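Student: This is entry.tsv, which holds TSV, C-alpha atoms and all ligand atoms:
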```tsv
chain	number	residue	atom	x	y	z
C	1	MET	CA	-17.30	8.20	-23.06
C	2	ALA	CA	-14.79	8.51	-20.20
C	3	VAL	CA	-14.32	5.39	-18.10
C	4	VAL	CA	-12.91	5.81	-14.58
C	5	SER	CA	-12.14	2.81	-12.35
C	6	MET	CA	-11.60	3.00	-8.60
C	7	MET	CA	-9.10	0.43	-7.48
C	8	THR	CA	-7.04	-0.52	-4.46
C	9	THR	CA	-6.65	-3.85	-2.72
C	10	LYS	CA	-7.09	-2.10	0.65
C	11	GLY	CA	-10.62	-2.31	2.08
C	12	GLY	CA	-12.17	0.90	3.41
C	13	ALA	CA	-9.82	3.17	1.43
C	14	GLY	CA	-12.62	5.06	-0.29
C	15	LYS	CA	-13.40	3.32	-3.62
C	16	THR	CA	-17.16	3.24	-3.09
C	17	THR	CA	-17.33	6.65	-1.40
C	18	GLY	CA	-15.18	8.15	-4.17
C	19	THR	CA	-17.41	6.57	-6.84
C	20	LEU	CA	-20.53	8.03	-5.25
C	21	ILE	CA	-19.09	11.52	-4.73
C	22	LEU	CA	-17.58	11.79	-8.22
C	23	GLY	CA	-20.67	10.28	-9.88
C	24	THR	CA	-23.12	12.47	-7.97
C	25	VAL	CA	-21.21	15.70	-8.63
C	26	LEU	CA	-21.01	14.94	-12.37
C	27	ALA	CA	-24.69	13.89	-12.58
C	28	GLU	CA	-25.86	16.97	-10.66
C	29	GLN	CA	-24.12	19.10	-13.29
C	30	GLY	CA	-26.24	17.32	-15.93
C	31	ALA	CA	-23.75	14.75	-17.25
C	32	SER	CA	-25.05	11.27	-17.98
C	33	VAL	CA	-23.29	8.98	-15.54
C	34	CYS	CA	-23.34	5.23	-15.13
C	35	LEU	CA	-21.98	3.72	-11.93
C	36	ILE	CA	-20.97	0.08	-12.31
C	37	ASP	CA	-21.03	-1.88	-9.07
C	38	ALA	CA	-18.33	-4.49	-9.67
C	39	ASP	CA	-18.02	-5.44	-5.99
C	40	PRO	CA	-19.69	-8.79	-5.13
C	41	ASN	CA	-20.94	-7.15	-1.90
C	42	GLN	CA	-22.93	-4.74	-4.12
C	43	PRO	CA	-22.55	-1.60	-1.96
C	44	LEU	CA	-23.82	0.76	-4.69
C	45	MET	CA	-26.91	-1.37	-5.33
C	46	LYS	CA	-27.66	-1.32	-1.58
C	47	TRP	CA	-27.14	2.47	-1.50
C	48	ALA	CA	-29.43	2.91	-4.54
C	49	LYS	CA	-32.40	1.29	-2.75
C	50	ASP	CA	-32.87	4.30	-0.44
C	51	ALA	CA	-30.98	7.04	-2.27
C	52	ASN	CA	-32.25	10.10	-4.05
C	53	ILE	CA	-30.56	9.29	-7.36
C	54	PRO	CA	-29.99	12.18	-9.80
C	55	PRO	CA	-32.08	11.72	-12.99
C	56	SER	CA	-29.03	11.47	-15.26
C	57	MET	CA	-27.45	8.69	-13.18
C	58	THR	CA	-27.89	4.94	-13.66
C	59	ILE	CA	-26.42	2.18	-11.52
C	60	ILE	CA	-25.68	-1.32	-12.77
C	61	GLY	CA	-24.90	-4.30	-10.55
C	62	ASP	CA	-24.32	-8.03	-10.93
C	63	VAL	CA	-21.15	-7.47	-12.92
C	64	THR	CA	-18.69	-10.37	-13.07
C	65	GLU	CA	-15.51	-11.25	-14.97
C	66	GLU	CA	-17.77	-12.76	-17.64
C	67	ASN	CA	-19.58	-9.54	-18.51
C	68	ILE	CA	-17.56	-6.60	-17.17
C	69	ILE	CA	-15.84	-5.70	-20.47
C	70	GLU	CA	-19.11	-5.75	-22.43
C	71	THR	CA	-20.91	-3.79	-19.70
C	72	ILE	CA	-18.26	-1.06	-19.70
C	73	GLU	CA	-18.30	-0.87	-23.51
C	74	GLU	CA	-22.12	-0.67	-23.67
C	75	GLN	CA	-22.37	1.97	-20.96
C	76	SER	CA	-19.55	4.12	-22.26
C	77	ALA	CA	-21.34	4.29	-25.63
C	78	LYS	CA	-24.46	5.62	-23.83
C	79	ASN	CA	-23.03	7.87	-21.09
C	80	SER	CA	-20.60	10.76	-20.74
C	81	PHE	CA	-19.01	9.07	-17.72
C	82	VAL	CA	-18.77	5.49	-16.52
C	83	ILE	CA	-17.36	4.98	-13.03
C	84	VAL	CA	-16.49	1.45	-11.95
C	85	ASP	CA	-16.42	0.64	-8.24
C	86	LEU	CA	-14.13	-2.38	-7.99
C	87	GLU	CA	-13.77	-4.90	-5.19
C	88	GLY	CA	-10.63	-4.77	-3.07
C	89	SER	CA	-8.77	-7.54	-4.92
C	90	ALA	CA	-6.39	-7.95	-7.81
C	91	ASN	CA	-8.16	-10.51	-9.98
C	92	LEU	CA	-9.41	-11.15	-13.52
C	93	SER	CA	-12.41	-8.87	-13.13
C	94	THR	CA	-10.41	-5.89	-11.82
C	95	GLY	CA	-7.79	-6.54	-14.51
C	96	TYR	CA	-10.40	-6.41	-17.27
C	97	ALA	CA	-11.93	-3.22	-15.83
C	98	ILE	CA	-8.66	-1.31	-15.55
C	99	THR	CA	-7.53	-2.19	-19.07
C	100	SER	CA	-10.91	-0.83	-20.28
C	101	SER	CA	-10.45	2.46	-18.38
C	102	ASP	CA	-9.31	5.95	-19.39
C	103	LEU	CA	-8.34	6.72	-15.80
C	104	ILE	CA	-7.70	4.56	-12.74
C	105	LEU	CA	-7.93	6.25	-9.36
C	106	ILE	CA	-6.31	4.65	-6.31
C	107	PRO	CA	-7.87	6.17	-3.18
C	108	LEU	CA	-6.03	5.95	0.12
C	109	GLN	CA	-6.41	7.11	3.66
C	110	PRO	CA	-3.43	8.40	5.63
C	111	SER	CA	-2.09	5.08	6.95
C	112	LYS	CA	0.92	2.90	6.16
C	113	LEU	CA	-1.38	-0.02	5.35
C	114	ASP	CA	-3.28	2.04	2.77
C	115	ALA	CA	-0.01	3.30	1.27
C	116	ASP	CA	1.44	-0.25	1.07
C	117	GLU	CA	-1.70	-1.55	-0.65
C	118	ALA	CA	-1.77	1.46	-3.00
C	119	ALA	CA	1.82	0.68	-4.04
C	120	LYS	CA	0.92	-3.01	-4.57
C	121	THR	CA	-2.11	-1.94	-6.59
C	122	LEU	CA	-0.04	0.39	-8.76
C	123	LYS	CA	2.37	-2.49	-9.54
C	124	PHE	CA	-0.60	-4.70	-10.50
C	125	ILE	CA	-1.88	-1.95	-12.80
C	126	VAL	CA	1.53	-1.54	-14.45
C	127	ARG	CA	1.78	-5.34	-14.96
C	128	GLN	CA	-1.68	-5.34	-16.53
C	129	GLY	CA	-0.51	-2.60	-18.86
C	130	ARG	CA	2.57	-4.59	-19.86
C	131	SER	CA	0.53	-7.73	-20.58
C	132	SER	CA	-1.96	-5.79	-22.70
C	133	GLY	CA	0.60	-3.50	-24.40
C	134	LYS	CA	-1.09	-0.40	-22.96
C	135	GLU	CA	0.23	2.53	-20.95
C	136	MET	CA	-1.95	2.61	-17.86
C	137	PRO	CA	-3.40	5.96	-16.75
C	138	ALA	CA	-3.27	5.48	-12.97
C	139	SER	CA	-3.15	8.09	-10.23
C	140	SER	CA	-3.14	7.85	-6.46
C	141	GLY	CA	-4.12	10.35	-3.81
C	142	ARG	CA	-5.89	10.96	-0.51
C	143	ALA	CA	-9.57	10.07	-0.56
C	144	TYR	CA	-10.47	12.80	1.91
C	145	PRO	CA	-9.23	16.29	2.68
C	146	ARG	CA	-6.86	16.65	5.62
C	147	PRO	CA	-8.91	17.45	8.77
C	148	MET	CA	-8.73	21.13	9.82
C	201	LIG	N1	-22.41	3.80	5.59
C	201	LIG	C1	-21.30	4.23	6.15
C	201	LIG	N2	-21.32	4.93	7.30
C	201	LIG	C2	-20.20	5.38	7.89
C	201	LIG	N3	-18.97	5.16	7.39
C	201	LIG	C3	-18.87	4.48	6.25
C	201	LIG	C4	-20.02	3.97	5.56
C	201	LIG	N4	-19.60	3.32	4.44
C	201	LIG	C5	-18.27	3.42	4.43
C	201	LIG	N5	-17.83	4.11	5.50
C	201	LIG	C6	-16.43	4.44	5.83
C	201	LIG	O1	-15.89	5.24	4.77
C	201	LIG	C7	-14.54	4.86	4.51
C	201	LIG	C8	-14.39	4.48	3.06
C	201	LIG	O2	-15.19	3.32	2.83
C	201	LIG	P1	-15.49	2.78	1.38
C	201	LIG	O3	-16.59	1.78	1.53
C	201	LIG	O4	-15.70	3.91	0.44
C	201	LIG	O5	-14.12	2.07	1.02
C	201	LIG	P2	-13.85	0.96	-0.11
C	201	LIG	O6	-12.46	1.21	-0.58
C	201	LIG	O7	-14.94	0.98	-1.11
C	201	LIG	O8	-13.88	-0.41	0.72
C	201	LIG	P3	-14.14	-1.92	0.21
C	201	LIG	O9	-12.84	-2.45	-0.33
C	201	LIG	O10	-14.56	-2.63	1.45
C	201	LIG	O11	-15.20	-1.89	-0.84
C	201	LIG	C9	-14.21	3.72	5.49
C	201	LIG	O12	-13.57	4.27	6.61
C	201	LIG	C10	-15.57	3.17	5.84
C	201	LIG	O13	-15.55	2.59	7.12
C	202	MG	MG	-16.25	-0.49	-1.77
```
Rewrite the structure from the file as structure tokens, please.
Tutor:
Amino acid sequence: MAVVSMMTTKGGAGKTTGTLILGTVLAEQGASVCLIDADPNQPLMKWAKDANIPPSMTIIGDVTEENIIETIEEQSAKNSFVIVDLEGSANLSTGYAITSSDLILIPLQPSKLDADEAAKTLKFIVRQGRSSGKEMPASSGRAYPRPM
């Protein structure tokens, strides 16, 4: 039902980690969760090979610009939550995913580079919204708690 996409053009900001943490917490509380691995490097599929996956979680890989919209639609009809782990680029595939999302999270670590890329990403998301006539539900924040 709810589709959440993780997006930022900065590598290592926390898209994949955020997807796994959010997905695992929701699945452990009994929600049906589908993680969509939309990164060509397939980090979630690699993680899934050795992971102890909660029973209510499924993970789908091999998603491209040609099938990402259909995959999100199909999975959101079957699951309470769909979380899309995007690659660190602004391209057709990420554009399709974010316009199909109820919430777009932009993770960032405390560095100027991460903040610059988060701002660039937010502008891309707003442009996507303009071109599709949709108000985009995007939010940005730290991926990790401040160290004690
Ligand atoms: N297996 C791992 N072991 C240790 N640190 C890791 C591991 N995977 C990721 N990290 C670290 O966690 C942080 C967040 O990485 P993550 O892969 O979640 O970012 P990302 O935004 O998905 O990056 P990318 O754009 O490359 O997909 C980075 O500092 C990364 O180096
Ligand atoms: Mg990643």
Student: Which of these residues is nearest to Glu73 (chain C), using all atoms listed in the file: C:Leu22, C:Met57, C:Ile104, C:Met1?
Tutor: C:Met1
Student: Counting all atoms listed in the file, which residues of chain C sit at most 7 Å from some atom of ligand MG 202 (chain C), and what is each one's closest atom pair with its distance in Å to one decimal, listed by chain and rising residue number, as JSON lines?
Tutor:
```
{"residue": "C:Gly12", "atom": "CA", "partner": "C:MG202", "partner_atom": "MG", "distance": 6.7}
{"residue": "C:Gly14", "atom": "CA", "partner": "C:MG202", "partner_atom": "MG", "distance": 6.8}
{"residue": "C:Lys15", "atom": "CA", "partner": "C:MG202", "partner_atom": "MG", "distance": 5.1}
{"residue": "C:Thr16", "atom": "CA", "partner": "C:MG202", "partner_atom": "MG", "distance": 4.1}
{"residue": "C:Asp39", "atom": "CA", "partner": "C:MG202", "partner_atom": "MG", "distance": 6.7}
{"residue": "C:Pro43", "atom": "CA", "partner": "C:MG202", "partner_atom": "MG", "distance": 6.4}
{"residue": "C:Asp85", "atom": "CA", "partner": "C:MG202", "partner_atom": "MG", "distance": 6.6}
{"residue": "C:Leu86", "atom": "CA", "partner": "C:MG202", "partner_atom": "MG", "distance": 6.8}
{"residue": "C:Glu87", "atom": "CA", "partner": "C:MG202", "partner_atom": "MG", "distance": 6.1}
```
Student: Would you save the residues of that selection, restricted to C-alpha atoms, as a compact mmCIF listing (two decimals), in the frame of the given file?
Tutor:
```txt
# COMPACT_ATOMS: atom_id res chain seq x y z
CA GLY C 12 -12.17 0.90 3.41
CA GLY C 14 -12.62 5.06 -0.29
CA LYS C 15 -13.40 3.32 -3.62
CA THR C 16 -17.16 3.24 -3.09
CA ASP C 39 -18.02 -5.44 -5.99
CA PRO C 43 -22.55 -1.60 -1.96
CA ASP C 85 -16.42 0.64 -8.24
CA LEU C 86 -14.13 -2.38 -7.99
CA GLU C 87 -13.77 -4.90 -5.19
```
Student: Report as a PyMOL selection string which protein, DNA and RNA residues come within 12 Å of ligand LIG 201 (chain C), using all atoms listed in the file.
Tutor: chain C and resi 5-22+37-44+46-47+84-90+105-111+114+117-118+142-144
Student: Could you give me, as a ChimeraX atom specification, the residues within 12 Å of Ser132 (chain C), counting all atoms listed in the file and dropping anything in the same chain fewer than 6 positions from it?
Tutor: /C:95-96,98-100,125-126
Student: For those residues, write C-alpha atoms to a file as a CSV table (one decimal), in the frame of the given file.
Tutor:
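Generated output (result.csv):
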```
chain,number,residue,atom,x,y,z
C,95,GLY,CA,-7.8,-6.5,-14.5
C,96,TYR,CA,-10.4,-6.4,-17.3
C,98,ILE,CA,-8.7,-1.3,-15.6
C,99,THR,CA,-7.5,-2.2,-19.1
C,100,SER,CA,-10.9,-0.8,-20.3
C,125,ILE,CA,-1.9,-2.0,-12.8
C,126,VAL,CA,1.5,-1.5,-14.4
```
Student: By how many Å are CA of Ile60 (chain C) and CA of Gly129 (chain C) apart?
Tutor: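 Interatomic distance, CA of Ile60 (chain C) to CA of Gly129 (chain C): 25.9 Å.
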Student: Name the closest residue to Val82 (chain C) among the candidates C:Glu28, C:Asp50, C:Asp102, C:Glu135; distances are taken between atoms, counting all atoms listed in the file.
Tutor: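 That would be C:Asp102, the residue with the smallest distance to Val82 (chain C).
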Student: Name all residues at most 8 Å from Ser80 (chain C) (count only C-alpha atoms; drop same-chain ones fewer than 3 positions away) and give them as a PDB file with C-alpha atoms, in the frame of the given file.
Tutor:
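Final output, saved to selection_0.pdb:
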```pdb
ATOM      1  CA  MET C   1     -17.300   8.200 -23.060  1.00  0.00           C
ATOM      2  CA  ALA C   2     -14.790   8.510 -20.200  1.00  0.00           C
ATOM      3  CA  ALA C  31     -23.750  14.750 -17.250  1.00  0.00           C
ATOM      4  CA  SER C  32     -25.050  11.270 -17.980  1.00  0.00           C
ATOM      5  CA  VAL C  33     -23.290   8.980 -15.540  1.00  0.00           C
ATOM      6  CA  SER C  76     -19.550   4.120 -22.260  1.00  0.00           C
TER       7      SER C  76
END
```
Student: Do you have the CA of Ile83 (chain C)-CA of Leu35 (chain C) distance handy?
Tutor: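 Straight-line distance from CA of Ile83 (chain C) to CA of Leu35 (chain C) works out to 4.9 Å.
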Student: Using all atoms listed in the file for the distances, tell me which of C:Thr24, C:Ser131, C:Thr121, C:Asn52 is nearest to Phe81 (chain C).
Tutor: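 Between C:Thr24, C:Ser131, C:Thr121, C:Asn52, the residue approaching Phe81 (chain C) most closely is C:Thr24.
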Student: Between CA of Ser101 (chain C) and CA of Val63 (chain C), what is the distance in Å, rounded to a tenth?
Tutor: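 These atoms are spaced 15.6 Å apart.
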Student: Between C:Arg127, C:Asp116, C:Asp62, C:Val3, which residue has the minimum interatomic distance to Glu74 (chain C), considering all atoms listed in the file?
Tutor: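 The closest residue to Glu74 (chain C) is C:Val3.
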